file model_4.txt (compact mmCIF, C-alpha atoms and all ligand atoms)
# COMPACT_ATOMS: atom_id res chain seq x y z
CA MET A 20 0.00 0.00 0.00
CA PRO A 21 1.52 3.40 -0.98
CA ASP A 22 1.57 6.17 1.61
CA VAL A 23 0.20 8.72 -0.83
CA VAL A 24 -1.80 8.56 -4.04
CA VAL A 25 -1.37 11.67 -6.16
CA VAL A 26 -4.22 12.31 -8.63
CA GLY A 27 -2.97 14.27 -11.65
CA ALA A 28 0.45 14.66 -13.30
CA GLY A 29 0.54 18.40 -13.94
CA PRO A 30 2.99 20.81 -12.28
CA ALA A 31 1.41 20.30 -8.82
CA GLY A 32 1.24 16.50 -8.92
CA LEU A 33 4.68 16.01 -10.47
CA THR A 34 6.38 18.46 -8.09
CA LEU A 35 4.75 16.71 -5.16
CA ALA A 36 5.66 13.24 -6.46
CA ASN A 37 9.31 14.22 -6.93
CA LEU A 38 9.59 15.85 -3.50
CA LEU A 39 7.97 12.82 -1.84
CA GLN A 40 10.31 10.52 -3.74
CA ARG A 41 13.28 12.55 -2.44
CA ASN A 42 11.90 12.08 1.09
CA ALA A 43 11.57 8.31 0.53
CA VAL A 44 7.77 8.50 0.80
CA ASP A 45 6.09 5.82 -1.28
CA CYS A 46 3.58 7.30 -3.75
CA VAL A 47 1.60 6.38 -6.84
CA VAL A 48 0.56 8.99 -9.43
CA LEU A 49 -2.64 8.48 -11.43
CA GLU A 50 -2.99 10.51 -14.65
CA ALA A 51 -6.04 10.53 -16.92
CA ARG A 52 -4.21 11.45 -20.14
CA ASP A 53 -1.39 9.72 -22.00
CA ARG A 54 2.24 10.71 -21.61
CA SER A 55 2.61 12.65 -24.84
CA HIS A 56 -0.49 14.77 -24.11
CA VAL A 57 0.82 15.66 -20.66
CA GLU A 58 4.29 16.48 -21.99
CA GLU A 59 3.09 18.68 -24.83
CA ARG A 60 0.45 20.83 -23.12
CA GLN A 61 1.60 24.45 -23.52
CA ARG A 62 0.51 26.94 -20.88
CA ALA A 63 2.71 28.90 -18.49
CA GLY A 64 6.17 30.17 -19.35
CA VAL A 65 7.75 31.53 -16.17
CA LEU A 66 8.92 29.83 -13.01
CA ASP A 67 9.23 32.60 -10.42
CA HIS A 68 12.26 32.91 -8.16
CA TYR A 69 10.49 31.28 -5.24
CA GLY A 70 9.51 28.31 -7.42
CA GLY A 71 13.11 27.93 -8.57
CA GLN A 72 14.24 27.87 -4.95
CA ILE A 73 11.88 25.00 -4.21
CA PHE A 74 13.70 22.85 -6.76
CA GLU A 75 17.10 24.09 -5.60
CA ARG A 76 16.33 23.21 -1.97
CA ALA A 77 15.20 19.75 -3.05
CA GLY A 78 18.39 19.14 -5.01
CA LEU A 79 16.41 19.06 -8.26
CA ALA A 80 17.75 22.26 -9.84
CA GLY A 81 20.05 20.37 -12.21
CA GLU A 82 17.16 18.28 -13.51
CA VAL A 83 14.56 21.05 -13.70
CA LEU A 84 16.33 24.36 -14.31
CA ALA A 85 19.26 23.38 -16.56
CA GLY A 86 19.75 25.90 -19.35
CA ALA A 87 16.69 27.97 -18.37
CA PRO A 88 17.40 31.67 -19.01
CA VAL A 89 16.88 34.04 -16.09
CA GLU A 90 14.28 36.80 -16.37
CA THR A 91 15.59 40.29 -16.89
CA PHE A 92 13.48 43.29 -17.90
CA LEU A 93 9.75 43.55 -18.32
CA GLU A 94 8.70 46.12 -20.93
CA LEU A 95 5.43 47.98 -20.38
CA ARG A 96 4.39 50.19 -23.30
CA TYR A 97 1.89 52.87 -22.40
CA GLU A 98 0.12 54.15 -25.56
CA GLY A 99 3.23 53.06 -27.47
CA GLU A 100 5.73 54.69 -25.11
CA PRO A 101 8.23 52.13 -23.70
CA HIS A 102 9.02 51.74 -19.98
CA LEU A 103 11.46 49.10 -18.77
CA LEU A 104 11.15 47.55 -15.33
CA ASP A 105 14.09 45.60 -13.93
CA ALA A 106 12.03 43.51 -11.51
CA PRO A 107 14.84 41.09 -10.51
CA ALA A 108 17.15 44.00 -9.56
CA LEU A 109 14.32 45.69 -7.63
CA ALA A 110 13.75 42.39 -5.80
CA GLY A 111 17.38 42.24 -4.70
CA GLY A 112 18.52 39.89 -7.46
CA ARG A 113 15.67 37.39 -7.13
CA ALA A 114 15.08 36.49 -10.78
CA GLY A 115 12.56 34.05 -12.21
CA ARG A 116 13.44 31.58 -14.96
CA ILE A 117 11.96 31.18 -18.40
CA VAL A 118 10.74 27.58 -18.19
CA PRO A 119 7.83 26.68 -20.48
CA GLN A 120 5.33 24.55 -18.56
CA GLN A 121 5.64 21.62 -20.98
CA LEU A 122 9.42 21.56 -20.44
CA LEU A 123 9.02 21.65 -16.66
CA VAL A 124 6.46 18.83 -16.82
CA ARG A 125 8.65 16.75 -19.15
CA ARG A 126 11.65 17.13 -16.86
CA LEU A 127 9.73 16.39 -13.66
CA LEU A 128 8.11 13.38 -15.25
CA GLY A 129 11.44 12.02 -16.51
CA THR A 130 13.10 12.55 -13.12
CA PHE A 131 10.31 10.81 -11.22
CA LEU A 132 10.33 7.81 -13.56
CA ALA A 133 14.14 7.61 -13.59
CA GLY A 134 13.98 7.42 -9.78
CA GLY A 135 11.72 4.36 -10.01
CA GLY A 136 8.45 6.34 -9.58
CA ASP A 137 5.07 4.65 -10.17
CA LEU A 138 3.12 6.83 -12.63
CA ARG A 139 0.05 5.31 -14.31
CA PHE A 140 -1.15 7.09 -17.47
CA GLY A 141 -4.51 6.76 -19.15
CA VAL A 142 -6.52 5.94 -16.02
CA ARG A 143 -10.31 6.40 -16.25
CA ASP A 144 -13.23 6.70 -13.84
CA VAL A 145 -11.06 7.64 -10.87
CA ALA A 146 -13.16 7.67 -7.70
CA LEU A 147 -12.11 8.59 -4.15
CA HIS A 148 -13.57 6.67 -1.19
CA ASP A 149 -13.60 6.86 2.62
CA LEU A 150 -11.62 10.08 2.78
CA THR A 151 -12.30 10.67 6.46
CA SER A 152 -11.26 7.16 7.57
CA THR A 153 -9.19 4.72 5.48
CA PRO A 154 -8.92 6.24 1.99
CA SER A 155 -8.93 4.23 -1.19
CA LEU A 156 -9.20 5.00 -4.90
CA THR A 157 -10.73 2.98 -7.70
CA TYR A 158 -10.06 3.42 -11.41
CA THR A 159 -10.10 1.54 -14.66
CA ASP A 160 -7.54 1.24 -17.42
CA ALA A 161 -6.93 -0.98 -20.44
CA SER A 162 -6.22 -3.94 -18.16
CA GLY A 163 -9.42 -3.66 -16.09
CA SER A 164 -10.57 -2.25 -12.72
CA HIS A 165 -8.22 -1.42 -9.88
CA ARG A 166 -8.37 -0.34 -6.25
CA ILE A 167 -5.56 1.24 -4.19
CA GLU A 168 -5.59 1.93 -0.47
CA CYS A 169 -3.37 4.64 0.94
CA ALA A 170 -2.79 6.84 3.98
CA TYR A 171 -3.34 10.15 2.16
CA VAL A 172 -4.70 11.39 -1.17
CA ALA A 173 -3.29 14.47 -2.94
CA GLY A 174 -5.83 16.02 -5.32
CA CYS A 175 -3.64 17.62 -8.01
CA ASP A 176 -6.04 17.05 -10.90
CA GLY A 177 -6.70 20.62 -11.96
CA PHE A 178 -9.90 22.64 -11.98
CA HIS A 179 -12.00 20.01 -13.79
CA GLY A 180 -10.64 17.04 -11.83
CA VAL A 181 -12.50 14.61 -9.61
CA SER A 182 -10.79 15.39 -6.27
CA ARG A 183 -12.49 18.64 -5.34
CA ARG A 184 -15.83 17.23 -6.50
CA SER A 185 -15.36 14.33 -4.05
CA ILE A 186 -15.66 16.72 -1.11
CA PRO A 187 -19.25 17.11 0.16
CA ALA A 188 -20.55 20.50 -1.00
CA ASP A 189 -21.40 21.65 2.53
CA GLU A 190 -17.75 21.15 3.58
CA LEU A 191 -16.42 23.65 1.03
CA THR A 192 -16.80 27.38 0.55
CA THR A 193 -16.07 28.48 -3.00
CA TYR A 194 -15.35 31.98 -4.27
CA THR A 195 -15.59 32.88 -7.94
CA PHE A 196 -14.91 36.16 -9.65
CA ASP A 197 -15.42 37.03 -13.29
CA HIS A 198 -13.06 39.85 -14.25
CA GLY A 199 -15.28 40.74 -17.21
CA ILE A 200 -12.31 40.55 -19.56
CA GLY A 201 -11.54 38.13 -22.37
CA TRP A 202 -8.12 37.32 -23.78
CA TYR A 203 -7.59 36.11 -27.30
CA THR A 204 -4.26 34.30 -27.38
CA VAL A 205 -2.41 33.14 -30.46
CA LEU A 206 0.76 31.17 -30.90
CA ALA A 207 2.70 32.23 -34.00
CA ASP A 208 5.89 31.46 -35.87
CA ALA A 209 7.06 35.02 -35.30
CA PRO A 210 10.27 36.36 -33.75
CA PRO A 211 10.14 36.73 -29.95
CA PRO A 212 10.36 40.17 -28.33
CA ARG A 213 13.59 41.36 -26.74
CA TYR A 214 11.89 41.39 -23.33
CA PRO A 215 8.44 40.19 -22.24
CA LEU A 216 6.23 42.99 -23.51
CA MET A 217 2.85 44.36 -22.44
CA GLY A 218 1.01 47.11 -24.31
CA ILE A 219 -1.45 49.29 -22.43
CA GLY A 220 -3.83 51.76 -24.01
CA ALA A 221 -7.37 52.85 -24.80
CA LYS A 222 -7.75 50.09 -27.41
CA GLY A 223 -7.13 47.46 -24.75
CA PHE A 224 -4.33 45.28 -23.47
CA ALA A 225 -1.93 43.32 -25.68
CA ALA A 226 1.14 41.25 -24.83
CA HIS A 227 4.00 39.52 -26.60
CA PHE A 228 6.06 36.75 -25.00
CA ALA A 229 8.80 34.45 -26.28
CA ARG A 230 8.00 30.80 -26.79
CA GLY A 231 11.39 29.57 -27.98
CA PRO A 232 13.84 31.19 -30.41
CA LYS A 233 11.43 31.45 -33.35
CA ALA A 234 7.95 31.45 -31.82
CA SER A 235 5.84 33.93 -29.88
CA ARG A 236 2.67 33.94 -27.84
CA PHE A 237 0.47 37.02 -28.18
CA TYR A 238 -2.47 38.13 -26.06
CA LEU A 239 -5.21 40.59 -27.01
CA GLN A 240 -7.95 41.83 -24.70
CA TYR A 241 -11.45 41.46 -26.16
CA ARG A 242 -15.02 41.94 -24.96
CA PRO A 243 -16.47 38.54 -24.01
CA GLY A 244 -19.99 38.04 -25.28
CA ALA A 245 -19.74 40.92 -27.75
CA GLU A 246 -17.33 39.30 -30.23
CA ASP A 247 -15.37 36.12 -30.95
CA PRO A 248 -11.87 37.11 -32.04
CA ARG A 249 -11.10 33.55 -33.19
CA ALA A 250 -13.07 34.54 -36.29
CA TRP A 251 -10.80 37.51 -36.99
CA PRO A 252 -8.81 37.18 -40.25
CA ASP A 253 -5.09 36.96 -39.45
CA ASP A 254 -4.38 40.41 -40.91
CA VAL A 255 -6.87 41.91 -38.45
CA THR A 256 -5.08 40.16 -35.57
CA TRP A 257 -1.70 41.49 -36.72
CA ALA A 258 -3.08 45.01 -37.27
CA GLU A 259 -4.55 45.01 -33.72
CA LEU A 260 -1.26 43.79 -32.26
CA ARG A 261 0.81 46.42 -34.13
CA ASP A 262 -1.58 49.13 -33.04
CA ARG A 263 -1.80 48.15 -29.36
CA LEU A 264 1.91 47.36 -29.01
CA GLY A 265 2.77 50.67 -30.71
CA ASP A 266 4.99 48.90 -33.24
CA PRO A 267 3.94 49.34 -36.90
CA GLY A 268 6.93 47.17 -37.94
CA LEU A 269 6.03 44.16 -35.74
CA PRO A 270 6.79 41.12 -37.95
CA GLY A 271 3.87 38.77 -38.49
CA GLY A 272 4.03 35.02 -39.10
CA VAL A 273 1.94 31.90 -39.40
CA ILE A 274 -0.57 31.60 -36.55
CA THR A 275 -0.45 28.01 -35.31
CA GLU A 276 -2.95 28.12 -32.44
CA ARG A 277 -5.92 30.31 -31.47
CA GLU A 278 -7.47 30.21 -28.02
CA ILE A 279 -9.78 32.14 -25.77
CA VAL A 280 -8.74 32.55 -22.12
CA GLU A 281 -11.33 33.26 -19.48
CA MET A 282 -10.18 35.85 -17.03
CA ARG A 283 -11.67 34.35 -13.93
CA SER A 284 -10.65 33.57 -10.42
CA PHE A 285 -11.73 30.76 -8.15
CA VAL A 286 -10.79 29.65 -4.65
CA ALA A 287 -12.08 26.65 -2.68
CA GLU A 288 -11.73 26.67 1.11
CA PRO A 289 -10.45 24.72 2.91
CA MET A 290 -7.93 22.92 0.71
CA ALA A 291 -8.38 19.75 2.74
CA TYR A 292 -11.06 17.25 3.66
CA GLY A 293 -10.24 14.32 5.93
CA ARG A 294 -7.18 12.70 4.37
CA LEU A 295 -7.56 14.45 1.02
CA PHE A 296 -5.45 17.54 0.31
CA LEU A 297 -5.98 19.72 -2.76
CA ALA A 298 -3.09 21.45 -4.52
CA GLY A 299 -2.82 23.75 -7.53
CA ASP A 300 -5.69 24.42 -9.93
CA ALA A 301 -7.81 21.79 -8.15
CA ALA A 302 -8.15 24.34 -5.34
CA HIS A 303 -7.73 27.69 -7.08
CA ILE A 304 -7.65 29.39 -10.47
CA ILE A 305 -5.96 32.73 -10.94
CA THR A 306 -5.83 35.04 -13.96
CA PRO A 307 -2.58 34.86 -15.96
CA MET A 308 -1.67 38.46 -14.96
CA GLY A 309 1.40 38.11 -12.77
CA ALA A 310 2.00 34.56 -14.04
CA LYS A 311 1.18 32.88 -10.77
CA GLY A 312 -0.99 29.84 -11.64
CA MET A 313 1.79 27.32 -12.17
CA ASN A 314 3.85 28.89 -9.40
CA LEU A 315 1.02 28.57 -6.89
CA ALA A 316 0.63 24.91 -7.88
CA ILE A 317 4.34 24.28 -7.24
CA ALA A 318 4.31 26.21 -3.96
CA ASP A 319 1.29 24.21 -2.70
CA ALA A 320 3.06 20.98 -3.64
CA ASP A 321 6.16 22.03 -1.72
CA VAL A 322 4.19 22.76 1.46
CA LEU A 323 2.20 19.54 1.06
CA ALA A 324 5.29 17.39 0.51
CA GLY A 325 6.85 18.62 3.75
CA ALA A 326 3.61 18.27 5.68
CA LEU A 327 2.87 14.72 4.43
CA THR A 328 6.43 13.61 5.14
CA SER A 329 6.22 14.90 8.73
CA ALA A 330 2.78 13.36 9.24
CA LEU A 331 4.00 9.96 8.05
CA ARG A 332 6.83 10.29 10.58
CA GLY A 333 4.32 10.97 13.35
CA ASP A 334 3.92 14.77 13.47
CA ASP A 335 0.80 16.05 11.70
CA ALA A 336 0.96 19.72 12.84
CA ALA A 337 2.09 20.97 9.41
CA LEU A 338 -0.59 18.93 7.67
CA ARG A 339 -3.25 20.51 9.87
CA ALA A 340 -1.87 23.96 8.97
CA TYR A 341 -1.54 23.11 5.25
CA SER A 342 -4.77 24.68 4.04
CA ASP A 343 -4.33 27.92 6.03
CA VAL A 344 -0.73 28.35 4.91
CA CYS A 345 -1.55 27.83 1.23
CA LEU A 346 -4.73 29.89 1.27
CA ARG A 347 -2.86 32.87 2.66
CA ARG A 348 -0.50 32.85 -0.32
CA THR A 349 -3.38 32.13 -2.70
CA TRP A 350 -5.34 35.21 -1.62
CA ASP A 351 -2.17 37.33 -1.61
CA TYR A 352 -1.55 36.32 -5.24
CA GLN A 353 -5.22 36.75 -6.17
CA GLU A 354 -5.06 40.33 -4.92
CA PHE A 355 -1.81 40.98 -6.81
CA SER A 356 -3.21 39.49 -10.00
CA ARG A 357 -6.37 41.61 -9.77
CA TRP A 358 -4.28 44.74 -9.04
CA PHE A 359 -2.12 44.02 -12.10
CA THR A 360 -5.17 43.22 -14.25
CA GLU A 361 -6.78 46.57 -13.43
CA MET A 362 -3.57 48.44 -14.19
CA VAL A 363 -3.08 47.12 -17.71
CA HIS A 364 -6.60 46.52 -19.07
CA ASP A 365 -9.17 48.92 -20.31
CA MET A 366 -11.98 48.25 -17.82
CA ASP A 367 -15.23 48.71 -19.77
CA GLY A 368 -13.90 51.93 -21.34
CA ASP A 369 -14.69 53.67 -18.04
CA PRO A 370 -12.71 56.98 -18.10
CA PHE A 371 -12.47 57.19 -14.30
CA ARG A 372 -11.01 53.70 -14.01
CA ARG A 373 -8.64 54.49 -16.89
CA ARG A 374 -7.25 57.45 -14.92
CA LEU A 375 -6.90 55.28 -11.79
CA ALA A 376 -5.03 52.66 -13.83
CA LYS A 377 -2.70 55.35 -15.20
CA ALA A 378 -2.01 56.63 -11.65
CA ARG A 379 -1.17 53.06 -10.61
CA PHE A 380 1.13 52.72 -13.63
CA ASP A 381 2.88 56.05 -12.96
CA ARG A 382 3.43 55.12 -9.31
CA LEU A 383 5.36 52.04 -10.45
CA PHE A 384 7.87 54.24 -12.28
CA THR A 385 8.11 57.15 -9.82
CA ASN A 386 7.91 55.53 -6.39
CA LYS A 387 10.70 53.11 -5.55
CA ALA A 388 8.78 51.50 -2.69
CA ALA A 389 5.88 50.73 -5.04
CA ALA A 390 8.25 49.27 -7.63
CA VAL A 391 9.98 47.11 -5.02
CA ALA A 392 6.63 45.82 -3.73
CA PHE A 393 5.66 44.87 -7.31
CA ALA A 394 9.01 43.15 -7.91
CA ASP A 395 8.67 41.28 -4.62
CA MET A 396 5.36 39.78 -5.74
CA MET A 397 6.79 38.91 -9.15
CA ALA A 398 9.67 37.05 -7.45
CA GLY A 399 7.17 35.09 -5.36
CA VAL A 400 6.56 35.14 -1.65
CA SER A 401 7.05 32.54 0.97
CA ALA A 402 3.99 31.81 3.09
CA ALA A 403 6.27 29.95 5.46
CA PRO A 404 4.67 27.70 8.04
CA GLY A 405 4.59 29.69 11.23
CA TYR A 406 3.61 32.99 9.59
CA ARG A 407 1.87 35.33 11.98
CA ARG A 408 -1.51 36.93 11.54
CA HIS A 409 -1.41 40.64 12.43
P1 LIG A 501 -3.02 20.95 -14.36
O1 LIG A 501 -1.84 21.46 -15.08
O2 LIG A 501 -4.36 21.24 -14.91
O3 LIG A 501 -2.80 19.39 -14.21
C1 LIG A 501 -3.83 18.54 -13.73
C2 LIG A 501 -3.56 17.14 -14.22
O4 LIG A 501 -4.58 16.26 -13.72
C3 LIG A 501 -5.06 15.43 -14.77
N1 LIG A 501 -6.42 15.01 -14.43
C4 LIG A 501 -6.71 13.80 -13.92
N2 LIG A 501 -5.95 12.74 -13.64
C5 LIG A 501 -6.57 11.62 -13.15
N3 LIG A 501 -7.91 11.56 -12.93
C6 LIG A 501 -8.71 12.60 -13.19
N4 LIG A 501 -10.03 12.52 -12.95
C7 LIG A 501 -8.11 13.79 -13.72
N5 LIG A 501 -8.60 14.99 -14.09
C8 LIG A 501 -7.56 15.72 -14.51
C9 LIG A 501 -4.94 16.30 -16.01
O5 LIG A 501 -4.90 15.52 -17.20
C10 LIG A 501 -3.63 17.04 -15.75
O6 LIG A 501 -2.52 16.33 -16.23
O7 LIG A 501 -3.05 21.48 -12.85
P2 LIG A 501 -1.86 21.87 -11.83
O8 LIG A 501 -0.86 20.77 -11.73
O9 LIG A 501 -2.53 22.35 -10.60
O10 LIG A 501 -1.07 23.08 -12.54
C11 LIG A 501 -1.72 24.32 -12.71
C12 LIG A 501 -1.15 25.02 -13.95
O11 LIG A 501 -1.24 24.15 -15.06
C13 LIG A 501 -1.92 26.32 -14.24
O12 LIG A 501 -2.13 27.05 -13.05
C14 LIG A 501 -1.14 27.22 -15.22
O13 LIG A 501 -1.00 26.62 -16.49
C15 LIG A 501 -1.89 28.54 -15.37
N6 LIG A 501 -1.28 29.40 -16.40
C16 LIG A 501 -0.16 30.12 -16.11
N7 LIG A 501 0.47 29.98 -14.90
C17 LIG A 501 1.62 30.66 -14.64
O14 LIG A 501 2.19 30.50 -13.56
N8 LIG A 501 2.16 31.51 -15.56
C18 LIG A 501 1.59 31.72 -16.78
O15 LIG A 501 2.13 32.48 -17.58
C19 LIG A 501 0.40 30.99 -17.10
N9 LIG A 501 -0.17 31.12 -18.31
C20 LIG A 501 -1.85 29.49 -17.68
C21 LIG A 501 -1.26 30.36 -18.62
C22 LIG A 501 -2.97 28.73 -18.05
C23 LIG A 501 -3.50 28.83 -19.32
N10 LIG A 501 -4.64 28.02 -19.61
C24 LIG A 501 -4.89 27.42 -20.84
C25 LIG A 501 -5.51 27.61 -18.56
C26 LIG A 501 -1.78 30.47 -19.90
C27 LIG A 501 -2.90 29.71 -20.26
C28 LIG A 501 -3.39 29.88 -21.68

call {"tool": "encode", "arguments": {"input": "model_4.txt", "output": "structure tokens"}}
result
Amino acid sequence: MPDVVVVGAGPAGLTLANLLQRNAVDCVVLEARDRSHVEERQRAGVLDHYGGQIFERAGLAGEVLAGAPVETFLELRYEGEPHLLDAPALAGGRAGRIVPQQLLVRRLLGTFLAGGGDLRFGVRDVALHDLTSTPSLTYTDASGSHRIECAYVAGCDGFHGVSRRSIPADELTTYTFDHGIGWYTVLADAPPPRYPLMGIGAKGFAAHFARGPKASRFYLQYRPGAEDPRAWPDDVTWAELRDRLGDPGLPGGVITEREIVEMRSFVAEPMAYGRLFLAGDAAHIITPMGAKGMNLAIADADVLAGALTSALRGDDAALRAYSDVCLRRTWDYQEFSRWFTEMVHDMDGDPFRRRLAKARFDRLFTNKAAAVAFADMMAGVSAAPGYRRH
């Protein structure tokens, strides 16, 4: 019988599985999709400084961070006028790393398997049982039906997974927030920008990020409900990007992927029920502003790995504190993400809010304390066990 069953092999589940493996805790990972799907799913692109430290502390930096460039400047263009922010310098040298999520997942997966890890792909009908007493999970795969007993279950199966839904509704409080903003995101065979770039202006937000040496990901704010930008001809997309990024010479390229991103936030409290512990998107969704979704998932997994290891050695104090510790960071990041969202988007064309957003933007470039606070959040914060409420 394994000590822990981890449901889901995304950033949360694979970080947890590797950290448990390092602590000699026996675990099994169940993943609904096949290996190539998991390894190719493109999403986040930045591991913040705090996330990098988690892998360094665990002795996994060589496996996970090798060759990953460090973050330098962030360029914010206000109505076409460039402003460079050296967030790592403002944060005292704490730089994030450019690590595309699919690369991180591929490396974590390879490391776990190379260490003899038990990862079962393509499982179906996962069900969680007896979570408040002696937990077990049932699932099916190509070879038939299976049942595993364990001491603890880690629900790392993302927003649409089965883990959170296995908690009785009256045991959870959920918070949802619709930011009223849509993002149209395209992946294109187009040269990357010199620095991660965000364009702010009356026509709405746009962004341009590197996705390798010859590819770029672009984001364009749109009005959800009023239009579907996936229907835009490519020349309209490029014209909008050139306009909003204030760069008439922005080179175009073949668009290889078109997606709509919902700007929404979600938090489930508590992140635990009996012997089930939720981590990552299973417990919370955050907007991409601030790039904290993957980083929150990794930070949860780090806290959970330590807490489960201690509990299995007889001290469950950290496990009892797990939900509170992670929720504090979650809400801190939710607030930061909302603050950032309001600064760079055109909120319903409301002129008053536009002036507030401009004041917020100006403060970032005229008030050192404000810039340092921003950089500190970008680097990632430690919600260390033992934090004090004021
Ligand atoms: P994941 O990555 O969703 O992984 C969950 C895993 O669980 C599996 N699964 C199941 N397995 C077994 N049984 C079931 N019943 C299962 N149901 C699901 C799934 O197949 C999957 O393998 O969750 P995790 O690990 O919590 O990681 C969260 C991150 O993936 C997510 O927060 C980020 O991708 C969010 N995000 C970004 N985060 C950042 O930090 N920086 C960014 O720049 C950033 N950009 C983004 C993003 C998310 C995006 N999308 C599409 C949601 C950009 C986009 C477009």

call {"tool": "residues_around", "arguments": {"input": "model_4.txt", "residues": "range 198-212 of chain A", "least_positions_apart": "6", "cutoff": "9 Å", "atoms": "all atoms listed in the file", "output": "count of residues only"}}
result
45

call {"tool": "residues_near_ligand", "arguments": {"input": "model_4.txt", "ligand": "ligand LIG 501 (chain A)", "cutoff": "7 Å", "atoms": "all atoms listed in the file", "output": "PyMOL selection string"}}
result
chain A and resi 26-32+49-52+57+62-66+120+142-145+175-181+280+298-301+304+307+310-314+316

call {"tool": "residues_around", "arguments": {"input": "model_4.txt", "residues": "Leu123 in chain A", "least_positions_apart": "3", "cutoff": "9 Å", "atoms": "all atoms listed in the file", "output": "compact mmCIF listing (two decimals) with C-alpha atoms, keeping the file's coordinate frame"}}
result
# COMPACT_ATOMS: atom_id res chain seq x y z
CA PRO A 30 2.99 20.81 -12.28
CA GLU A 58 4.29 16.48 -21.99
CA LEU A 66 8.92 29.83 -13.01
CA VAL A 83 14.56 21.05 -13.70
CA LEU A 84 16.33 24.36 -14.31
CA VAL A 118 10.74 27.58 -18.19
CA PRO A 119 7.83 26.68 -20.48
CA GLN A 120 5.33 24.55 -18.56
CA ARG A 126 11.65 17.13 -16.86
CA LEU A 127 9.73 16.39 -13.66
CA LEU A 128 8.11 13.38 -15.25

call {"tool": "closest_residue", "arguments": {"input": "model_4.txt", "among": "A:Arg339, A:Lys387, A:Arg213, A:Arg294", "to": "Pro154 in chain A", "atoms": "all atoms listed in the file"}}
result
A:Arg294

call {"tool": "residues_near_point", "arguments": {"input": "model_4.txt", "point": "(-1.8, 23.0, 10.4)", "cutoff": "12 Å", "atoms": "all atoms listed in the file", "output": "MDAnalysis selection string"}}
result
chainID A and resid 289:291 322:323 325:327 329:330 334:346 403:406

call {"tool": "atom_distance", "arguments": {"input": "model_4.txt", "atom1": "CA of Gln353 in chain A", "atom2": "CA of Gly399 in chain A"}}
result
12.5 Å

call {"tool": "decode", "arguments": {"input": "model_4.txt", "residues": "range 73-83 of chain A", "atoms": "N, CA, C and O atoms", "output": "compact mmCIF listing (two decimals), in the first residue's frame"}}
result
# COMPACT_ATOMS: atom_id res chain seq x y z
N ILE A 73 12.45 26.27 -4.68
CA ILE A 73 11.88 25.00 -4.21
C ILE A 73 12.67 23.84 -4.81
O ILE A 73 13.05 22.89 -4.11
N PHE A 74 12.96 23.94 -6.11
CA PHE A 74 13.70 22.85 -6.76
C PHE A 74 15.17 22.85 -6.33
O PHE A 74 15.79 21.80 -6.20
N GLU A 75 15.71 24.04 -6.08
CA GLU A 75 17.10 24.09 -5.60
C GLU A 75 17.22 23.43 -4.23
O GLU A 75 18.09 22.61 -4.00
N ARG A 76 16.31 23.78 -3.33
CA ARG A 76 16.33 23.21 -1.97
C ARG A 76 16.21 21.70 -2.00
O ARG A 76 16.76 20.99 -1.18
N ALA A 77 15.43 21.20 -2.97
CA ALA A 77 15.20 19.75 -3.05
C ALA A 77 16.32 19.02 -3.79
O ALA A 77 16.26 17.81 -3.94
N GLY A 78 17.31 19.77 -4.26
CA GLY A 78 18.39 19.14 -5.01
C GLY A 78 17.96 18.74 -6.41
O GLY A 78 18.54 17.84 -7.02
N LEU A 79 16.93 19.40 -6.93
CA LEU A 79 16.41 19.06 -8.26
C LEU A 79 16.71 20.15 -9.31
O LEU A 79 16.21 20.09 -10.43
N ALA A 80 17.51 21.14 -8.92
CA ALA A 80 17.75 22.26 -9.84
C ALA A 80 18.41 21.79 -11.12
O ALA A 80 18.06 22.25 -12.21
N GLY A 81 19.36 20.87 -11.02
CA GLY A 81 20.05 20.37 -12.21
C GLY A 81 19.06 19.75 -13.19
O GLY A 81 19.11 20.00 -14.39
N GLU A 82 18.14 18.96 -12.66
CA GLU A 82 17.16 18.28 -13.51
C GLU A 82 16.16 19.27 -14.11
O GLU A 82 15.77 19.15 -15.27
N VAL A 83 15.70 20.22 -13.30
CA VAL A 83 14.56 21.05 -13.70
C VAL A 83 14.96 22.37 -14.37
O VAL A 83 14.31 22.82 -15.31
